[in-house]
file entry-v8.cif (mmCIF, C-alpha atoms)
data_target
loop_
_atom_site.label_atom_id
_atom_site.label_comp_id
_atom_site.auth_asym_id
_atom_site.auth_seq_id
_atom_site.Cartn_x
_atom_site.Cartn_y
_atom_site.Cartn_z
CA MET A 1 -72.52 43.56 -78.80
CA SER A 2 -75.18 44.40 -81.41
CA ILE A 3 -72.52 44.42 -84.15
CA THR A 4 -71.33 41.00 -83.04
CA VAL A 5 -74.88 39.66 -83.20
CA ALA A 6 -75.36 41.14 -86.67
CA LEU A 7 -72.12 39.62 -87.96
CA LEU A 8 -73.04 36.26 -86.44
CA PHE A 9 -76.38 36.09 -88.22
CA TRP A 10 -75.46 38.04 -91.38
CA GLY A 11 -74.64 34.96 -93.44
CA LYS A 12 -77.33 32.77 -91.88
CA VAL A 13 -80.31 34.68 -93.23
CA ARG A 14 -82.44 32.43 -95.44
CA GLY A 15 -85.28 33.00 -97.89
CA PRO A 16 -85.82 34.97 -101.10
CA GLN A 17 -83.44 37.83 -101.93
CA PRO A 18 -85.91 40.59 -100.86
CA VAL A 19 -86.36 38.91 -97.46
CA ARG A 20 -82.60 38.58 -96.95
CA THR A 21 -82.03 42.21 -97.94
CA LEU A 22 -84.75 43.47 -95.61
CA SER A 23 -83.42 41.34 -92.73
CA ARG A 24 -79.94 42.78 -93.17
CA ILE A 25 -81.29 46.34 -93.30
CA VAL A 26 -83.06 45.65 -90.00
CA MET A 27 -79.79 44.36 -88.53
CA ILE A 28 -77.98 47.56 -89.59
CA MET A 29 -80.73 49.73 -88.13
CA PHE A 30 -80.61 47.73 -84.90
CA CYS A 31 -76.86 48.39 -84.65
CA GLN A 32 -77.39 52.11 -85.23
CA VAL A 33 -80.18 52.38 -82.67
CA THR A 34 -78.21 50.53 -80.00
CA ALA A 35 -75.13 52.69 -80.72
CA VAL A 36 -77.16 55.89 -80.25
CA LEU A 37 -78.72 54.52 -77.05
CA MET A 38 -75.30 53.57 -75.71
CA VAL A 39 -73.96 57.08 -76.32
CA PHE A 40 -77.03 58.60 -74.67
CA VAL A 41 -76.68 56.34 -71.62
CA MET A 42 -72.99 57.23 -71.32
CA VAL A 43 -73.71 60.96 -71.54
CA ASN A 44 -76.60 60.68 -69.07
CA ASN A 45 -74.54 58.63 -66.62
CA ALA A 46 -71.74 61.20 -66.82
CA ASN A 47 -74.02 64.20 -66.30
CA LEU A 48 -76.98 62.65 -64.42
CA ILE A 49 -79.45 64.57 -66.58
CA TYR A 50 -82.34 62.16 -66.03
CA GLY A 51 -82.79 60.25 -62.79
CA ASN A 52 -85.01 57.52 -64.22
CA TRP A 53 -86.98 56.43 -67.29
CA ASP A 54 -90.08 58.36 -66.21
CA ASP A 55 -88.06 61.57 -66.28
CA LEU A 56 -86.67 60.76 -69.70
CA LEU A 57 -90.01 59.78 -71.22
CA GLY A 58 -91.94 62.56 -69.49
CA THR A 59 -94.30 60.10 -67.84
CA GLY A 60 -93.53 61.05 -64.24
CA ASP A 61 -95.76 63.39 -62.26
CA HIS A 62 -94.93 64.32 -58.68
CA VAL A 63 -97.91 66.54 -57.96
CA ARG A 64 -100.24 64.89 -55.45
CA ALA A 65 -102.42 67.97 -55.01
CA VAL A 66 -102.33 71.74 -55.58
CA PRO A 67 -103.54 73.21 -52.29
CA SER A 68 -103.77 76.91 -51.56
CA VAL A 69 -100.42 77.88 -50.04
CA PRO A 70 -100.82 79.67 -46.70
CA PRO A 71 -99.02 83.00 -46.28
CA VAL A 72 -95.59 83.23 -44.74
CA ASP A 73 -95.08 84.76 -41.32
CA PRO A 74 -93.16 87.99 -42.11
CA ALA A 75 -91.11 87.55 -38.96
CA GLY A 76 -90.14 83.95 -39.52
CA ASN A 77 -90.51 80.84 -41.58
CA GLY A 78 -93.21 78.57 -42.92
CA GLN A 79 -96.87 78.88 -42.18
CA ALA A 80 -98.42 81.94 -40.63
CA GLY A 81 -99.41 82.41 -37.00
CA GLU A 82 -100.67 79.57 -34.84
CA ALA A 83 -100.86 77.15 -37.77
CA ALA A 84 -97.05 76.93 -37.85
CA LYS A 85 -96.92 75.94 -34.17
CA GLN A 86 -99.55 73.24 -34.66
CA THR A 87 -97.91 71.63 -37.71
CA PRO A 88 -96.46 68.25 -36.70
CA LYS A 89 -92.81 67.57 -37.34
CA VAL A 90 -91.96 65.90 -40.65
CA LEU A 91 -89.85 62.99 -39.38
CA GLN A 92 -88.35 61.05 -42.27
CA LYS A 93 -86.53 57.78 -42.88
CA PHE A 94 -83.27 58.09 -44.81
CA GLY A 95 -81.37 55.54 -46.82
CA GLY A 96 -78.68 55.33 -49.46
CA VAL A 97 -79.03 56.76 -52.96
CA ASN A 98 -78.04 53.46 -54.63
CA ASP A 99 -76.27 55.24 -57.46
CA PRO A 100 -72.59 54.41 -58.01
CA ALA A 101 -72.00 57.98 -59.23
CA VAL A 102 -73.15 59.43 -55.90
CA PRO A 103 -70.91 59.22 -52.80
CA GLY A 104 -72.05 56.73 -50.18
CA ASP A 105 -72.38 59.37 -47.46
CA VAL A 106 -75.25 61.10 -49.28
CA GLN A 107 -78.66 60.23 -47.80
CA LYS A 108 -82.00 60.05 -49.56
CA THR A 109 -85.60 60.32 -48.38
CA GLU A 110 -88.99 60.41 -50.07
CA LEU A 111 -90.86 63.51 -48.92
CA LYS A 112 -94.58 64.23 -49.18
CA GLY A 113 -94.84 68.00 -49.17
CA GLN A 114 -97.44 69.11 -46.63
CA VAL A 115 -97.64 72.70 -47.88
CA SER A 116 -97.05 72.21 -51.62
CA GLY A 117 -98.76 68.92 -52.37
CA VAL A 118 -95.59 67.83 -54.19
CA ASP A 119 -93.95 64.44 -53.59
CA GLY A 120 -90.34 63.69 -54.43
CA GLU A 121 -86.94 62.58 -53.25
CA VAL A 122 -84.59 64.84 -51.33
CA LEU A 123 -80.87 64.13 -51.02
CA VAL A 124 -78.94 65.33 -47.95
CA TRP A 125 -75.24 65.42 -47.17
CA LEU A 126 -73.92 66.25 -43.71
CA PRO A 127 -70.59 68.07 -43.22
CA PRO A 128 -67.72 66.26 -41.44
CA GLN A 129 -68.25 68.33 -38.28
CA TYR A 130 -71.87 67.19 -37.91
CA ASN A 131 -71.03 63.91 -36.13
CA ASP A 132 -68.01 65.29 -34.30
CA PRO A 133 -68.71 65.20 -30.53
CA ALA A 134 -67.25 68.69 -30.25
CA PHE A 135 -70.17 69.95 -32.38
CA LYS A 136 -72.96 67.92 -30.79
CA ASP A 137 -74.76 71.03 -29.56
CA LYS A 138 -74.21 73.08 -32.71
CA LYS A 139 -76.73 73.89 -35.41
CA PHE A 140 -75.49 74.04 -38.97
CA PRO A 141 -76.04 76.34 -41.95
CA VAL A 142 -77.79 74.89 -45.00
CA VAL A 143 -77.49 75.26 -48.76
CA GLU A 144 -80.17 73.99 -51.12
CA LEU A 145 -78.75 72.81 -54.44
CA ILE A 146 -80.89 73.19 -57.56
CA PRO A 147 -79.97 71.35 -60.79
CA GLY A 148 -80.59 72.59 -64.31
CA TYR A 149 -83.47 71.52 -66.54
CA PRO A 150 -83.74 68.67 -67.16
CA GLY A 151 -81.77 67.62 -64.13
CA SER A 152 -81.57 65.09 -61.35
CA SER A 153 -81.37 65.55 -57.59
CA SER A 154 -78.12 63.53 -57.83
CA THR A 155 -76.32 65.82 -60.28
CA TRP A 156 -74.72 68.15 -57.75
CA TYR A 157 -73.22 65.20 -55.85
CA GLY A 158 -72.46 62.83 -58.72
CA THR A 159 -71.36 65.18 -61.50
CA LEU A 160 -70.37 68.46 -59.85
CA LYS A 161 -68.78 66.49 -56.97
CA VAL A 162 -69.94 69.14 -54.52
CA SER A 163 -69.53 67.11 -51.32
CA GLU A 164 -66.23 65.56 -52.40
CA GLN A 165 -64.80 68.97 -53.28
CA LEU A 166 -66.07 70.78 -50.21
CA LYS A 167 -65.36 68.17 -47.54
CA PRO A 168 -61.59 68.86 -47.34
CA LEU A 169 -62.19 72.61 -47.52
CA MET A 170 -64.59 72.31 -44.57
CA GLN A 171 -62.03 70.28 -42.64
CA GLN A 172 -59.42 72.97 -43.35
CA GLY A 173 -61.78 75.75 -42.24
CA LYS A 174 -61.86 77.38 -45.68
CA VAL A 175 -65.56 76.64 -46.18
CA ALA A 176 -68.28 76.69 -43.50
CA PRO A 177 -69.76 73.29 -42.56
CA PHE A 178 -72.90 73.52 -44.66
CA ILE A 179 -75.58 70.84 -44.77
CA LEU A 180 -76.11 70.29 -48.50
CA VAL A 181 -79.65 69.52 -49.66
CA SER A 182 -80.77 68.70 -53.20
CA PRO A 183 -84.52 68.24 -53.80
CA ARG A 184 -86.17 66.88 -56.92
CA THR A 185 -87.10 69.74 -59.24
CA LEU A 186 -88.29 67.77 -62.29
CA LEU A 187 -91.84 67.55 -61.01
CA LEU A 188 -94.21 67.53 -63.99
CA GLY A 189 -94.73 65.02 -66.78
CA SER A 190 -94.90 65.73 -70.51
CA HIS A 191 -91.53 67.52 -70.43
CA GLN A 192 -92.86 70.61 -68.66
CA ASP A 193 -90.64 72.84 -66.55
CA ALA A 194 -92.32 74.27 -63.45
CA GLY A 195 -89.52 76.84 -63.11
CA CYS A 196 -89.49 76.61 -59.29
CA THR A 197 -92.75 78.56 -59.32
CA ASP A 198 -96.22 78.23 -57.79
CA ILE A 199 -98.51 77.98 -60.81
CA PRO A 200 -102.20 78.23 -59.83
CA GLY A 201 -104.07 74.98 -60.39
CA LYS A 202 -100.93 73.27 -61.72
CA ILE A 203 -98.17 72.97 -59.13
CA ASN A 204 -96.64 74.58 -56.05
CA ALA A 205 -92.99 74.19 -57.02
CA ASP A 206 -91.87 77.31 -55.12
CA ALA A 207 -93.51 76.13 -51.89
CA TRP A 208 -91.94 72.69 -52.34
CA ILE A 209 -88.41 74.15 -52.43
CA THR A 210 -88.79 77.07 -50.01
CA ARG A 211 -91.26 75.62 -47.48
CA ASP A 212 -91.56 71.83 -47.46
CA VAL A 213 -87.91 70.93 -48.02
CA PRO A 214 -86.50 73.42 -45.46
CA GLN A 215 -89.07 72.34 -42.87
CA MET A 216 -88.15 68.70 -43.36
CA VAL A 217 -84.45 69.51 -42.98
CA MET A 218 -85.04 71.45 -39.78
CA ASP A 219 -87.24 68.68 -38.38
CA ASN A 220 -84.69 65.92 -39.00
CA PHE A 221 -81.27 67.55 -38.60
CA ARG A 222 -79.52 70.12 -36.45
CA ALA A 223 -80.11 72.80 -39.04
CA ASP A 224 -80.08 76.45 -38.04
CA PRO A 225 -83.60 77.81 -38.61
CA SER A 226 -82.45 81.40 -39.10
CA ALA A 227 -82.70 82.78 -42.64
CA ASP A 228 -79.25 84.29 -42.06
CA ARG A 229 -77.87 80.71 -42.14
CA TRP A 230 -79.54 79.49 -45.33
CA ALA A 231 -78.54 79.82 -48.98
CA ILE A 232 -79.59 78.41 -52.34
CA ALA A 233 -77.35 77.60 -55.31
CA GLY A 234 -78.03 76.52 -58.87
CA TYR A 235 -76.63 76.23 -62.38
CA SER A 236 -78.35 76.91 -65.72
CA ALA A 237 -82.13 76.79 -65.12
CA GLY A 238 -81.30 76.09 -61.48
CA ALA A 239 -79.35 79.37 -61.40
CA HIS A 240 -82.52 81.19 -62.42
CA CYS A 241 -84.29 79.47 -59.53
CA ALA A 242 -81.52 80.32 -57.06
CA ALA A 243 -81.51 84.00 -58.01
CA LYS A 244 -85.26 84.54 -58.02
CA LEU A 245 -86.03 82.42 -54.93
CA SER A 246 -83.33 84.04 -52.80
CA LEU A 247 -84.48 87.53 -53.79
CA ALA A 248 -88.17 86.69 -53.40
CA HIS A 249 -87.75 84.92 -50.04
CA PRO A 250 -85.34 86.88 -47.83
CA ASN A 251 -87.26 85.34 -44.92
CA ARG A 252 -85.71 81.98 -45.90
CA TYR A 253 -82.38 82.73 -47.66
CA ARG A 254 -79.48 85.03 -46.87
CA ALA A 255 -77.59 84.30 -50.07
CA GLY A 256 -77.82 82.81 -53.54
CA ILE A 257 -75.33 81.42 -56.05
CA ALA A 258 -76.34 81.50 -59.73
CA MET A 259 -74.03 79.95 -62.33
CA SER A 260 -74.80 80.51 -66.03
CA GLY A 261 -78.45 81.36 -65.45
CA TYR A 262 -80.97 83.71 -67.01
CA ASN A 263 -83.48 86.29 -65.86
CA ASP A 264 -86.29 85.76 -68.38
CA PRO A 265 -88.05 82.39 -67.85
CA GLY A 266 -89.12 82.54 -71.48
CA VAL A 267 -85.67 81.51 -72.68
CA GLU A 268 -86.47 77.96 -71.54
CA PRO A 269 -88.75 76.46 -74.25
CA ASP A 270 -90.40 74.00 -71.82
CA SER A 271 -91.04 76.59 -69.12
CA LEU A 272 -94.71 76.95 -68.18
CA VAL A 273 -93.80 80.22 -66.48
CA GLY A 274 -92.34 81.57 -69.71
CA LYS A 275 -95.61 80.88 -71.52
CA ASP A 276 -97.67 82.97 -69.08
CA PRO A 277 -97.05 86.74 -69.51
CA LYS A 278 -97.87 87.63 -65.90
CA LEU A 279 -95.84 84.81 -64.38
CA ARG A 280 -93.00 85.49 -66.80
CA GLU A 281 -92.77 89.09 -65.67
CA ALA A 282 -93.25 88.36 -61.97
CA ASN A 283 -90.52 85.69 -61.89
CA ASN A 284 -87.80 87.76 -63.50
CA PRO A 285 -85.22 88.63 -60.77
CA VAL A 286 -84.92 92.17 -62.15
CA ASN A 287 -88.65 92.72 -61.70
CA ILE A 288 -88.60 91.07 -58.27
CA LEU A 289 -86.14 93.72 -57.12
CA LYS A 290 -87.98 96.54 -58.85
CA THR A 291 -91.32 95.68 -57.23
CA ALA A 292 -90.06 94.69 -53.76
CA GLN A 293 -91.59 96.78 -50.97
CA GLN A 294 -88.10 97.04 -49.55
CA PRO A 295 -84.77 95.78 -50.90
CA PRO A 296 -84.16 92.23 -49.63
CA LYS A 297 -81.23 91.55 -47.33
CA VAL A 298 -79.69 89.02 -49.71
CA ALA A 299 -76.20 88.57 -51.16
CA LEU A 300 -76.15 87.14 -54.66
CA LEU A 301 -73.17 85.77 -56.60
CA VAL A 302 -73.88 85.61 -60.32
CA SER A 303 -71.36 84.10 -62.71
CA GLY A 304 -71.60 83.46 -66.40
CA ALA A 305 -69.90 83.88 -69.74
CA LYS A 306 -70.84 86.69 -72.10
CA GLY A 307 -74.10 85.69 -73.71
CA ASP A 308 -74.60 83.01 -71.05
CA GLY A 309 -75.62 84.69 -67.83
CA TYR A 310 -73.07 87.48 -67.48
CA GLU A 311 -75.30 90.23 -68.89
CA ASP A 312 -78.24 88.92 -66.85
CA GLY A 313 -76.18 89.28 -63.72
CA GLN A 314 -75.26 92.83 -64.65
CA ALA A 315 -78.95 93.64 -65.16
CA VAL A 316 -79.74 92.40 -61.64
CA ALA A 317 -76.81 94.32 -60.16
CA ALA A 318 -77.97 97.50 -61.90
CA VAL A 319 -81.29 97.58 -60.03
CA ALA A 320 -80.05 96.24 -56.68
CA LYS A 321 -80.16 98.63 -53.71
CA GLU A 322 -78.78 98.23 -50.21
CA PRO A 323 -78.96 95.91 -48.36
CA THR A 324 -79.13 93.74 -51.50
CA LYS A 325 -75.64 92.91 -52.72
CA VAL A 326 -74.94 91.44 -56.15
CA GLN A 327 -71.48 90.31 -57.20
CA VAL A 328 -71.12 89.49 -60.90
CA GLU A 329 -68.21 87.44 -62.22
CA GLU A 330 -67.40 86.66 -65.83
CA SER A 331 -66.63 83.02 -66.47
CA THR A 332 -65.02 81.46 -69.50
CA GLY A 333 -66.02 78.12 -70.88
CA PRO A 334 -68.99 76.27 -72.33
CA HIS A 335 -72.40 75.74 -70.75
CA THR A 336 -71.42 72.41 -69.17
CA THR A 337 -71.31 70.68 -65.79
CA GLU A 338 -67.53 70.43 -66.12
CA MET A 339 -67.22 74.22 -65.95
CA TRP A 340 -69.66 74.53 -63.03
CA LYS A 341 -67.83 71.78 -61.15
CA LYS A 342 -64.65 73.84 -61.29
CA MET A 343 -66.50 76.86 -59.91
CA VAL A 344 -67.83 75.08 -56.80
CA PRO A 345 -64.87 75.70 -54.42
CA SER A 346 -64.59 79.44 -55.07
CA ALA A 347 -68.37 79.92 -54.98
CA PHE A 348 -68.60 78.28 -51.56
CA GLU A 349 -65.60 80.21 -50.27
CA TRP A 350 -67.49 83.36 -51.26
CA LEU A 351 -70.58 82.01 -49.52
CA THR A 352 -68.56 81.38 -46.35
CA GLY A 353 -67.80 85.10 -46.31
CA ILE A 354 -71.56 85.74 -46.20
CA ILE A 355 -72.50 82.83 -43.90
CA PRO A 356 -69.39 82.10 -41.84
CA ALA A 357 -68.82 79.13 -39.58
CA GLN A 358 -69.89 79.68 -35.98
#
call {"tool": "encode", "arguments": {"input": "entry-v8.cif", "output": "structure tokens"}}
result
Amino acid sequence: MSITVALLFWGKVRGPQPVRTLSRIVMIMFCQVTAVLMVFVMVNNANLIYGNWDDLLGTGDHVRAVPSVPPVDPAGNGQAGEAAKQTPKVLQKFGGVNDPAVPGDVQKTELKGQVSGVDGEVLVWLPPQYNDPAFKDKKFPVVELIPGYPGSSSTWYGTLKVSEQLKPLMQQGKVAPFILVSPRTLLLGSHQDAGCTDIPGKINADAWITRDVPQMVMDNFRADPSADRWAIAGYSAGAHCAAKLSLAHPNRYRAGIAMSGYNDPGVEPDSLVGKDPKLREANNPVNILKTAQQPPKVALLVSGAKGDGYEDGQAVAAVAKEPTKVQVEESTGPHTTEMWKKMVPSAFEWLTGIIPAQ
């Protein structure tokens, strides 16, 4: 379109020679800029890297407040003691995602995190058994899906096709009927990565994913509250989150899936965690296992190519002790959503072996 406009007006430019030359240079630059923008939009639409212009420009900020996060009840979930019983249910309204790349059966809600002070959208997909009358009294296992950085809450559904790939496998009984939940993880402006971590005075990104989102899911759906029925999965930076959050929160997750991730947060240039020596050390999955009072009862599947997550998985497996189980698989292929999409069925079949259908 821009080339057509340039050709249309190329011979109609009037004025002195310098003016005509400058006008035509501007036309050429306009064509180049629009071509680059078109390619970017096509790539973004194919991979759902940025959910909106605020994410792209770094002008979005989803931190309403940074409250002190109450401790977790060692025997259960969420807030400690009587406070958990007094917390009102987080009843939400759900609507469509309004994104042609995302299947129409994916629901979206805007959640105000009560524990974290984070606000953001959460996408939820229900398995085919959920509305089957034969399962009306059943509670379902849940998997939280974490995108890479930058990444959109829609990427797992729109690019990795997680629900479209798993639905027939669930109907065939090859994969357990998981509720699939994808929360926003791009939470800070100025192109800063919170790294799924509670950063004092800055953000409670860990509490958002491990406390607020699970509580909302349990309050609005027939989700099994037991940690033995929850898992978390991620790719790239999301794989780092899945590994460290599952190992750090065995009271919430029984399993984790990490595809092409890393252990050291410092490998992500925009990571605030990687810039803080103490946080960087504390959020390395290897160190989480080394410093745990007792080995967490968590099963972890780590996959990655050599130089892209495989060695990191081996490092985690080397320090894991029973009942922690770490399975490391070498993948082949580039660091792309196309490769991770192909890995979805086998990863969830493995997960079904850890969290079977009931």
call {"tool": "resolve_selection", "arguments": {"input": "entry-v8.cif", "expression": "the PyMOL selection byres ((chain A and resi 306) around 10)", "output": "list in words"}}
result
Ser260, Ser303, Gly304, Ala305, Gly307, Asp308, Gly309, Tyr310, Glu311, Asp312, Glu330, Ser331, Thr332 and Gly333 of chain A
call {"tool": "resolve_selection", "arguments": {"input": "entry-v8.cif", "expression": "the PyMOL selection byres ((chain A and resi 257) around 9)", "output": "PyMOL selection string"}}
result
chain A and resi 231-235+239+242-243+255-256+258-259+299-303+347-348+351
call {"tool": "resolve_selection", "arguments": {"input": "entry-v8.cif", "expression": "the PyMOL selection byres ((chain A and resi 104-114) around 6)", "output": "compact mmCIF listing (two decimals) with C-alpha atoms, in the coordinates of the input"}}
result
# COMPACT_ATOMS: atom_id res chain seq x y z
CA PHE A 94 -83.27 58.09 -44.81
CA GLY A 95 -81.37 55.54 -46.82
CA GLY A 96 -78.68 55.33 -49.46
CA VAL A 97 -79.03 56.76 -52.96
CA PRO A 103 -70.91 59.22 -52.80
CA VAL A 115 -97.64 72.70 -47.88
CA SER A 116 -97.05 72.21 -51.62
CA GLY A 117 -98.76 68.92 -52.37
CA VAL A 118 -95.59 67.83 -54.19
CA ASP A 119 -93.95 64.44 -53.59
CA GLY A 120 -90.34 63.69 -54.43
CA GLU A 121 -86.94 62.58 -53.25
CA VAL A 122 -84.59 64.84 -51.33
CA LEU A 123 -80.87 64.13 -51.02
CA VAL A 124 -78.94 65.33 -47.95
CA TRP A 125 -75.24 65.42 -47.17
CA ASP A 212 -91.56 71.83 -47.46
call {"tool": "residues_around", "arguments": {"input": "entry-v8.cif", "residues": "Val175 in chain A", "least_positions_apart": "5", "cutoff": "9 Å", "atoms": "all atoms listed in the file", "output": "ChimeraX atom specification"}}
result
/A:166-170,345,348-353,356-357
call {"tool": "closest_residue", "arguments": {"input": "entry-v8.cif", "among": "A:Asn251, A:Gln327, A:Asn284, A:Asn263", "to": "Lys297 in chain A", "atoms": "all atoms listed in the file"}}
result
A:Asn251
call {"tool": "closest_residue", "arguments": {"input": "entry-v8.cif", "among": "A:Gly201, A:Pro265, A:Gly313, A:Pro296", "to": "Val63 in chain A", "atoms": "all atoms listed in the file"}}
result
A:Gly201
call {"tool": "atom_distance", "arguments": {"input": "entry-v8.cif", "atom1": "CA of Asn283 in chain A", "atom2": "CA of Thr197 in chain A"}}
result
7.9 Å
